[in-house]
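Enquirer: Quick one: this structure, given as structure tokens, is what I'll be asking you about.
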Amino acid sequence: MKRIDNIPGGAGSAVTVRGLVKHYGETKALDGVDLDVREGTVLGVLGPNGAGKTTLVRCLSTLVVPDSGSAVVAGYDVVRQPRQLRRVIGLTGQYASVDEKLSGRENLYMIGRLLDLSRKEARSRADSLLERFSLTEAAGRPAKTYSGGMRRRLDLAASMIGSPSVLYLDEPTTGLDPRTRNEVWAEVKRMVTDGVTVLLTTQYMEEAEQLASELTVIDRGKVIANGGIDELKAKVGGRTLRIRPADPLELRPLAAALDDMGLTGLASSTVDAESGTVLVPILSDEQLTAVVGAVTARGITIGSIATELPSLDEVFLSITGQKASAPQDARPELEEVAV
Amino acid sequence: MSATTLTPPLHQGEADARIGLRDHVRHTSALVRRNLLWIRQDPESMLDAILMPIIFTLLFVYVFGGSIGQALGGGQDAYVQYVVPGMMAMMSMNIAMAVGTGFNQDFQNGIMDRFRTLPIGQGSVLFAKIVVELMRMLVATAVMMVVGVLVGFDITNWGGLFAAVGLSALFGSAIMWIFLVLGVSLKSAQSVQAMGFLVLMPLQFGSSIFAPTQSMPGWLQAFTDYNPLSSLADSARGLMVGGPVAHDIWVTVGWSVVLTVVMAPIAIHKFRTKS
């Protein structure tokens, strides 16, 4: 199996997308998208349902031919060199792309054979990936008997058989419970340590924060923001501090104390009476410390304290000043297209 | 985003891209193996290939055998000699339809996306389907021949029998390309089946498979004469029990080649570009 180790002139960019457009009739799934993924890094593509994330991934993995614009992945043009490109990419979509009737081992063996490994190589590659993704015990069972998390892990293992240099993860944890989600995250982090470049689409700020170093926010087929995670977080106000006073009667005094502090550049605190907490947006750890100090100085005992990342809605609100497009928007990538 | 970043230069050369015949064979056999494992997983999926020939042979021989046999100048025995070779043609159609529904169901889960992002000849996925259906067709034909012999069919010419099986397989694989096109174009397996039956029924019954065409009205005879299933049935009959065959064989082979040449590229193209 040939690997592309040096990308001539790639200059550190594993994925380069310029002006990518894909329309499905009236729906502008992609409306001129530009983005770059630097080699060996994870780019998070954040956006609501119907933003064009899946169409983007399908264009970059040769499943959909864009109407215009260009995309070069690992030095190959997605339109003109689809076969070469398929050798260096891996794709794990929202829907498990494994054969449910086949066992985990047979799935991986089949893909190994399709990637031109010898029978022996295919067998040993399947076994080592099953081991790595903790699927050895279930290896002989049909994939349809797997739990959601096991299926996703098998899917990731299948994407890794060809040792891709670029991996697309299209909402890899949508529909998974928190524990399973953490498992998948851990696997993705391991792949990145191995030097794989990852383009990750997600609806969750938390997932982007966990995995990605850079972020591109898209909505209605357009890039509306991009940059480092920290930059973006600063833009949207970083974290939210949720403080619950030990004595519920001190809820109002606590809020008043926080407003008196007058943290610079911050929106004022809000009281969430239902849960008996006060919410304060903060930008840095220093501000967190300052808040705690001020509260203690007023003699208020803190019952519990937690920091929360902004939700996708809050991110959109602060970037665009409007809500993310409604999730009930038709998913353009699933629309039937005349060929 | 710095718009100044230029698009990086592309790799040159096609060395990595070519997929040779040996690669095609290996890819296709890996995919055939997948479909055979399905059968092992779910042996009931073979039931249609086994029961259909039994039921149809018994039905036709015992329901129509007496009266059509008389018209043929014999009795039920004469009809057995007539209908058993003809049913090979029916079988090749019925099994061919299954390839369309199976192919359509494959698209319901994500596995097709996986195949289409692998560096394999995209035809391999379709070739594998055809190979597996041809295997099922052979099983169905073997069952039909056993039942045929049990109800009185005389195998006088083994060479002719094998030639007839080969011809049915050739025609069947050509028909499968049509159903692969339907399978990739239509939205659900049910609509593939419904469309399939709509095409299948008039073709099968408006032919010389089940009854001689002489007693049919002129307009229908005109149709049956040009129906490739009549040619296939008449070829099989000629090969197995004797009679002139050359013309019908050429017509059958001609149809098979034309259908394949036209439909195979369409099927592969539709498979490759399906979104």
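Convention: chains lettered A, B, ... in structure tokens order; per-chain residue numbering from 1; ligands numbered from 1 as shown.
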As a list in words, please: the residues near Arg40 (chain B) (cut-off 12 Å, only C-alpha atoms, same-chain neighbours under 5 positions excluded).
Expert: Lys101, Leu102, Ser103 and Pro142 of chain A; Arg33, Arg34, Asn35, Ser45 and Met46 of chain B
Enquirer: Any chance you could tabulate, as a Markdown table, the residues of chain A at most 6 Å from chain B with each one's nearest atom pair and distance in Å to one decimal, using only C-alpha atoms, in chain and rising number order?
Expert:
| residue | atom | partner | partner_atom | distance |
| --- | --- | --- | --- | --- |
| A:Gly9 | CA | B:Pro8 | CA | 5.7 |
| A:Gly10 | CA | B:Pro8 | CA | 5.2 |
| A:Gly75 | CA | B:Leu10 | CA | 4.9 |
| A:Tyr76 | CA | B:Leu10 | CA | 5.6 |
| A:Arg83 | CA | B:Pro119 | CA | 5.4 |
| A:Gln84 | CA | B:Ala17 | CA | 5.4 |
| A:Arg86 | CA | B:Pro119 | CA | 5.0 |
| A:Arg87 | CA | B:Pro119 | CA | 5.6 |
| A:Tyr95 | CA | B:Gly110 | CA | 5.8 |
| A:Ala96 | CA | B:Gly110 | CA | 5.7 |
| A:Ser97 | CA | B:Gly110 | CA | 4.0 |
| A:Val98 | CA | B:Ile111 | CA | 5.1 |
| A:Asp99 | CA | B:Ile111 | CA | 5.9 |
| A:Met110 | CA | B:Ala30 | CA | 5.9 |
| A:Leu114 | CA | B:His27 | CA | 5.2 |
Enquirer: Convert the current residue selection to file output with N, CA and C atoms, as a PDB file, in the first residue's frame.
Expert:
ATOM      1  N   GLY A   9       4.902  20.566  -2.392  1.00  0.00           N
ATOM      2  CA  GLY A   9       4.322  21.897  -2.433  1.00  0.00           C
ATOM      3  C   GLY A   9       3.099  22.055  -1.557  1.00  0.00           C
ATOM      4  N   GLY A  10       2.779  21.031  -0.788  1.00  0.00           N
ATOM      5  CA  GLY A  10       1.586  21.091   0.052  1.00  0.00           C
ATOM      6  C   GLY A  10       1.705  22.167   1.114  1.00  0.00           C
ATOM      7  N   GLY A  75      -2.854  16.654  -1.743  1.00  0.00           N
ATOM      8  CA  GLY A  75      -2.234  16.858  -3.045  1.00  0.00           C
ATOM      9  C   GLY A  75      -3.043  16.345  -4.218  1.00  0.00           C
ATOM     10  N   TYR A  76      -4.227  15.832  -3.963  1.00  0.00           N
ATOM     11  CA  TYR A  76      -5.060  15.329  -5.059  1.00  0.00           C
ATOM     12  C   TYR A  76      -6.322  16.167  -5.204  1.00  0.00           C
ATOM     13  N   ARG A  83      -9.593   8.652  -7.837  1.00  0.00           N
ATOM     14  CA  ARG A  83      -9.071   7.343  -7.460  1.00  0.00           C
ATOM     15  C   ARG A  83      -7.850   7.450  -6.566  1.00  0.00           C
ATOM     16  N   GLN A  84      -6.929   8.354  -6.942  1.00  0.00           N
ATOM     17  CA  GLN A  84      -5.737   8.520  -6.104  1.00  0.00           C
ATOM     18  C   GLN A  84      -6.146   9.029  -4.726  1.00  0.00           C
ATOM     19  N   ARG A  86      -8.886   8.532  -3.133  1.00  0.00           N
ATOM     20  CA  ARG A  86      -9.518   7.515  -2.285  1.00  0.00           C
ATOM     21  C   ARG A  86      -8.494   6.669  -1.536  1.00  0.00           C
ATOM     22  N   ARG A  87      -7.245   6.634  -2.053  1.00  0.00           N
ATOM     23  CA  ARG A  87      -6.217   5.850  -1.364  1.00  0.00           C
ATOM     24  C   ARG A  87      -5.766   6.493  -0.062  1.00  0.00           C
ATOM     25  N   TYR A  95     -23.895   7.784   9.646  1.00  0.00           N
ATOM     26  CA  TYR A  95     -24.539   6.485   9.612  1.00  0.00           C
ATOM     27  C   TYR A  95     -23.454   5.460   9.397  1.00  0.00           C
ATOM     28  N   ALA A  96     -23.428   4.452  10.293  1.00  0.00           N
ATOM     29  CA  ALA A  96     -22.347   3.473  10.262  1.00  0.00           C
ATOM     30  C   ALA A  96     -22.220   2.884   8.867  1.00  0.00           C
ATOM     31  N   SER A  97     -21.028   3.023   8.284  1.00  0.00           N
ATOM     32  CA  SER A  97     -20.843   2.437   6.964  1.00  0.00           C
ATOM     33  C   SER A  97     -20.113   1.107   7.082  1.00  0.00           C
ATOM     34  N   VAL A  98     -20.752   0.193   7.810  1.00  0.00           N
ATOM     35  CA  VAL A  98     -20.245  -1.173   7.886  1.00  0.00           C
ATOM     36  C   VAL A  98     -21.373  -2.093   7.440  1.00  0.00           C
ATOM     37  N   ASP A  99     -21.003  -3.316   7.081  1.00  0.00           N
ATOM     38  CA  ASP A  99     -22.021  -4.276   6.684  1.00  0.00           C
ATOM     39  C   ASP A  99     -22.577  -4.934   7.937  1.00  0.00           C
ATOM     40  N   MET A 110     -12.735  -7.682   4.714  1.00  0.00           N
ATOM     41  CA  MET A 110     -13.231  -7.324   3.374  1.00  0.00           C
ATOM     42  C   MET A 110     -12.607  -5.998   2.909  1.00  0.00           C
ATOM     43  N   LEU A 114     -10.196  -5.103  -0.240  1.00  0.00           N
ATOM     44  CA  LEU A 114     -10.542  -4.084  -1.232  1.00  0.00           C
ATOM     45  C   LEU A 114      -9.451  -3.022  -1.332  1.00  0.00           C
TER      46      LEU A 114
END
Enquirer: Between B:Leu229, B:Ser92, B:Ser235, B:Trp250, single out the one closest to Arg136 (chain B), counting only C-alpha atoms.
Expert: B:Ser92
Enquirer: Please report the interatomic distance between CA of Ala189 (chain B) and CA of Gly100 (chain B) in Å with one decimal.
Expert: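 Between CA of Ala189 (chain B) and CA of Gly100 (chain B) the gap is 7.7 Å.
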Enquirer: Any idea what the distance is between CA of Asp67 (chain A) and CA of Arg220 (chain A)?
Expert: 16.2 Å
Enquirer: B:Leu36, B:Ala71, B:Leu182, B:Val84: which is nearest Ile266 (chain B), counting only C-alpha atoms?
Expert: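 With only C-alpha atoms as the atom set, the closest residue is B:Leu182.
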Enquirer: Mind pulling up the distance from CA of Gly172 (chain B) to CA of Asp48 (chain B)?
Expert: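 Interatomic distance here is 16.4 Å.
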Enquirer: Taking the backbone alone, and naming residues the way the document does, which bits of region 30-219 of chain A are strand (DSSP E) by DSSP, as a compact mmCIF listing (two decimals) with N, CA and C atoms, in the first residue's frame?
Expert:
# COMPACT_ATOMS: atom_id res chain seq x y z
N LEU A 30 -23.76 24.18 -0.36
CA LEU A 30 -22.48 24.85 -0.17
C LEU A 30 -22.49 26.07 -1.06
N ASP A 31 -22.19 27.23 -0.48
CA ASP A 31 -22.34 28.45 -1.24
C ASP A 31 -21.04 29.23 -1.23
N GLY A 32 -19.96 28.57 -1.69
CA GLY A 32 -18.67 29.24 -1.73
C GLY A 32 -17.90 29.09 -0.44
N VAL A 33 -17.51 27.85 -0.14
CA VAL A 33 -16.80 27.58 1.12
C VAL A 33 -15.29 27.59 0.89
N ASP A 34 -14.57 28.32 1.74
CA ASP A 34 -13.10 28.30 1.77
C ASP A 34 -12.69 27.72 3.11
N LEU A 35 -11.77 26.76 3.08
CA LEU A 35 -11.17 26.37 4.36
C LEU A 35 -9.86 25.63 4.14
N ASP A 36 -9.05 25.59 5.18
CA ASP A 36 -7.77 24.89 5.15
C ASP A 36 -7.65 24.02 6.40
N VAL A 37 -7.10 22.84 6.22
CA VAL A 37 -6.76 22.03 7.38
C VAL A 37 -5.26 21.80 7.30
N ARG A 38 -4.55 22.25 8.32
CA ARG A 38 -3.10 22.06 8.32
C ARG A 38 -2.80 20.60 8.63
N VAL A 42 -6.49 18.99 13.72
CA VAL A 42 -7.91 18.71 13.62
C VAL A 42 -8.64 20.02 13.39
N LEU A 43 -9.39 20.07 12.30
CA LEU A 43 -10.23 21.24 12.07
C LEU A 43 -11.66 20.84 12.41
N GLY A 44 -12.29 21.60 13.29
CA GLY A 44 -13.69 21.35 13.59
C GLY A 44 -14.55 22.21 12.68
N VAL A 45 -15.52 21.59 12.02
CA VAL A 45 -16.48 22.36 11.22
C VAL A 45 -17.78 22.35 11.99
N LEU A 46 -18.11 23.51 12.54
CA LEU A 46 -19.25 23.60 13.44
C LEU A 46 -20.42 24.24 12.71
N SER A 68 -18.92 24.00 -8.51
CA SER A 68 -17.75 24.81 -8.87
C SER A 68 -16.87 24.97 -7.65
N GLY A 69 -15.71 25.60 -7.87
CA GLY A 69 -14.75 25.73 -6.79
C GLY A 69 -13.76 24.59 -6.86
N SER A 70 -12.77 24.61 -5.97
CA SER A 70 -11.78 23.55 -6.00
C SER A 70 -11.54 23.02 -4.60
N ALA A 71 -11.12 21.78 -4.56
CA ALA A 71 -10.75 21.16 -3.29
C ALA A 71 -9.60 20.22 -3.55
N VAL A 72 -8.52 20.41 -2.81
CA VAL A 72 -7.34 19.56 -2.96
C VAL A 72 -7.07 18.92 -1.60
N VAL A 73 -7.00 17.60 -1.61
CA VAL A 73 -6.78 16.86 -0.37
C VAL A 73 -5.53 16.00 -0.55
N TYR A 76 -4.23 15.83 -3.96
CA TYR A 76 -5.06 15.33 -5.06
C TYR A 76 -6.32 16.17 -5.20
N ASP A 77 -6.67 16.42 -6.45
CA ASP A 77 -7.87 17.18 -6.73
C ASP A 77 -9.08 16.25 -6.62
N ILE A 89 -7.65 8.75 1.97
CA ILE A 89 -8.65 9.28 2.89
C ILE A 89 -9.40 8.17 3.61
N GLY A 90 -9.97 8.52 4.75
CA GLY A 90 -10.87 7.63 5.45
C GLY A 90 -12.11 8.43 5.80
N LEU A 91 -13.26 7.75 5.84
CA LEU A 91 -14.51 8.46 6.11
C LEU A 91 -15.34 7.70 7.14
N THR A 92 -15.73 8.40 8.19
CA THR A 92 -16.67 7.81 9.13
C THR A 92 -17.84 8.77 9.21
N VAL A 166 -5.63 11.54 5.69
CA VAL A 166 -6.68 12.50 6.03
C VAL A 166 -7.95 11.72 6.37
N LEU A 167 -8.52 12.06 7.52
CA LEU A 167 -9.71 11.36 7.98
C LEU A 167 -10.86 12.35 8.14
N TYR A 168 -12.01 12.01 7.56
CA TYR A 168 -13.19 12.84 7.75
C TYR A 168 -14.09 12.18 8.79
N LEU A 169 -14.49 12.94 9.78
CA LEU A 169 -15.42 12.42 10.77
C LEU A 169 -16.66 13.31 10.71
N ASP A 170 -17.74 12.74 10.21
CA ASP A 170 -18.96 13.53 10.04
C ASP A 170 -19.88 13.26 11.23
N THR A 197 -4.44 13.72 9.81
CA THR A 197 -5.12 15.01 9.73
C THR A 197 -6.62 14.75 9.76
N VAL A 198 -7.34 15.48 10.57
CA VAL A 198 -8.76 15.20 10.74
C VAL A 198 -9.62 16.41 10.42
N LEU A 199 -10.66 16.19 9.62
CA LEU A 199 -11.69 17.20 9.44
C LEU A 199 -12.94 16.66 10.12
N LEU A 200 -13.36 17.37 11.15
CA LEU A 200 -14.44 16.88 12.00
C LEU A 200 -15.64 17.81 11.88
N THR A 201 -16.80 17.28 11.57
CA THR A 201 -17.97 18.13 11.59
C THR A 201 -18.75 17.83 12.87
N THR A 202 -19.33 18.84 13.44
CA THR A 202 -20.05 18.63 14.68
C THR A 202 -21.08 19.73 14.91
N GLU A 214 -8.52 24.08 15.56
CA GLU A 214 -9.08 25.21 14.83
C GLU A 214 -10.53 24.94 14.46
N LEU A 215 -11.23 26.02 14.21
CA LEU A 215 -12.66 25.88 14.03
C LEU A 215 -13.13 26.71 12.84
N THR A 216 -14.02 26.12 12.06
CA THR A 216 -14.69 26.87 11.01
C THR A 216 -16.17 26.75 11.29
N VAL A 217 -16.85 27.87 11.39
CA VAL A 217 -18.28 27.83 11.67
C VAL A 217 -19.01 28.08 10.37
N ILE A 218 -19.90 27.16 9.99
CA ILE A 218 -20.65 27.38 8.76
C ILE A 218 -22.15 27.38 9.03
N ASP A 219 -22.85 28.11 8.19
CA ASP A 219 -24.30 28.17 8.27
C ASP A 219 -24.83 28.45 6.88
Enquirer: Counting only C-alpha atoms, what is within 10 Å of Ala236 (chain B), bar same-chain residues fewer than 5 positions away, as a list in words?
Expert: Val84, Pro85, Gly86, Met87, Met88, Ala89, Gly160, Leu161, Phe162, Ala163, Ala164, Val165, Gly166, Leu167, Ser168, Ser230, Ser231, Val241, Gly242, Val245, Asp248 and Ile249 of chain B
Enquirer: Save out the residues we just selected, N, CA and C atoms, as a tab-separated table (two decimals), in the first residue's frame.
Expert:
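As written to disk, again22.tsv reads:
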chain	number	residue	atom	x	y	z
B	84	VAL	N	-40.51	-27.52	-19.27
B	84	VAL	CA	-39.31	-27.52	-18.42
B	84	VAL	C	-38.18	-26.70	-19.04
B	85	PRO	N	-37.84	-26.90	-20.33
B	85	PRO	CA	-36.80	-26.04	-20.90
B	85	PRO	C	-37.22	-24.57	-20.91
B	86	GLY	N	-38.49	-24.33	-21.18
B	86	GLY	CA	-38.96	-22.94	-21.22
B	86	GLY	C	-38.81	-22.25	-19.88
B	87	MET	N	-39.01	-23.02	-18.81
B	87	MET	CA	-38.95	-22.39	-17.49
B	87	MET	C	-37.56	-21.90	-17.13
B	88	MET	N	-36.55	-22.39	-17.84
B	88	MET	CA	-35.21	-21.83	-17.62
B	88	MET	C	-35.22	-20.33	-17.90
B	89	ALA	N	-35.95	-19.96	-18.93
B	89	ALA	CA	-36.02	-18.55	-19.29
B	89	ALA	C	-36.73	-17.76	-18.19
B	160	GLY	N	-26.64	-30.41	-24.59
B	160	GLY	CA	-27.64	-29.40	-24.88
B	160	GLY	C	-28.15	-28.74	-23.61
B	161	LEU	N	-28.30	-29.57	-22.57
B	161	LEU	CA	-28.76	-29.04	-21.28
B	161	LEU	C	-27.79	-27.98	-20.77
B	162	PHE	N	-26.49	-28.32	-20.78
B	162	PHE	CA	-25.50	-27.36	-20.27
B	162	PHE	C	-25.46	-26.10	-21.13
B	163	ALA	N	-25.59	-26.32	-22.45
B	163	ALA	CA	-25.60	-25.15	-23.33
B	163	ALA	C	-26.79	-24.25	-23.01
B	164	ALA	N	-27.94	-24.86	-22.73
B	164	ALA	CA	-29.13	-24.08	-22.40
B	164	ALA	C	-28.94	-23.31	-21.09
B	165	VAL	N	-28.30	-23.99	-20.11
B	165	VAL	CA	-28.04	-23.32	-18.83
B	165	VAL	C	-27.11	-22.12	-19.06
B	166	GLY	N	-26.09	-22.33	-19.87
B	166	GLY	CA	-25.15	-21.26	-20.16
B	166	GLY	C	-25.83	-20.07	-20.83
B	167	LEU	N	-26.71	-20.40	-21.78
B	167	LEU	CA	-27.41	-19.33	-22.50
B	167	LEU	C	-28.33	-18.55	-21.55
B	168	SER	N	-29.03	-19.28	-20.65
B	168	SER	CA	-29.90	-18.60	-19.68
B	168	SER	C	-29.08	-17.69	-18.78
B	230	SER	N	-39.00	-15.48	-25.62
B	230	SER	CA	-39.41	-16.56	-26.53
B	230	SER	C	-38.18	-17.19	-27.17
B	231	SER	N	-37.27	-16.34	-27.61
B	231	SER	CA	-36.05	-16.87	-28.25
B	231	SER	C	-35.26	-17.72	-27.28
B	241	VAL	N	-34.32	-30.77	-26.19
B	241	VAL	CA	-35.16	-31.86	-26.72
B	241	VAL	C	-35.07	-31.96	-28.24
B	242	GLY	N	-34.33	-31.11	-28.87
B	242	GLY	CA	-34.13	-31.21	-30.31
B	242	GLY	C	-34.94	-30.21	-31.10
B	245	VAL	N	-32.29	-24.59	-33.77
B	245	VAL	CA	-31.95	-23.67	-32.69
B	245	VAL	C	-31.14	-22.47	-33.14
B	248	ASP	N	-32.65	-18.85	-33.03
B	248	ASP	CA	-33.03	-18.38	-31.69
B	248	ASP	C	-31.81	-18.11	-30.82
B	249	ILE	N	-30.80	-18.95	-30.96
B	249	ILE	CA	-29.59	-18.72	-30.15
B	249	ILE	C	-28.95	-17.38	-30.52
Enquirer: Could you pull out the helix (DSSP H, G or I) residues of region 20-239 of chain A from DSSP and send them as a ChimeraX atom specification?
Expert: /A:53-60,82-88,104-114,119-132,143-145,148-160,178-193,205-211,229-235
Enquirer: Go through A:Val65, A:Ile300, A:Ala225, A:Leu232 one by one, measure the shortest atom-to-atom distance of each to Leu249 (chain A) using only C-alpha atoms, and give the residue with the smallest value.
Expert: A:Ile300
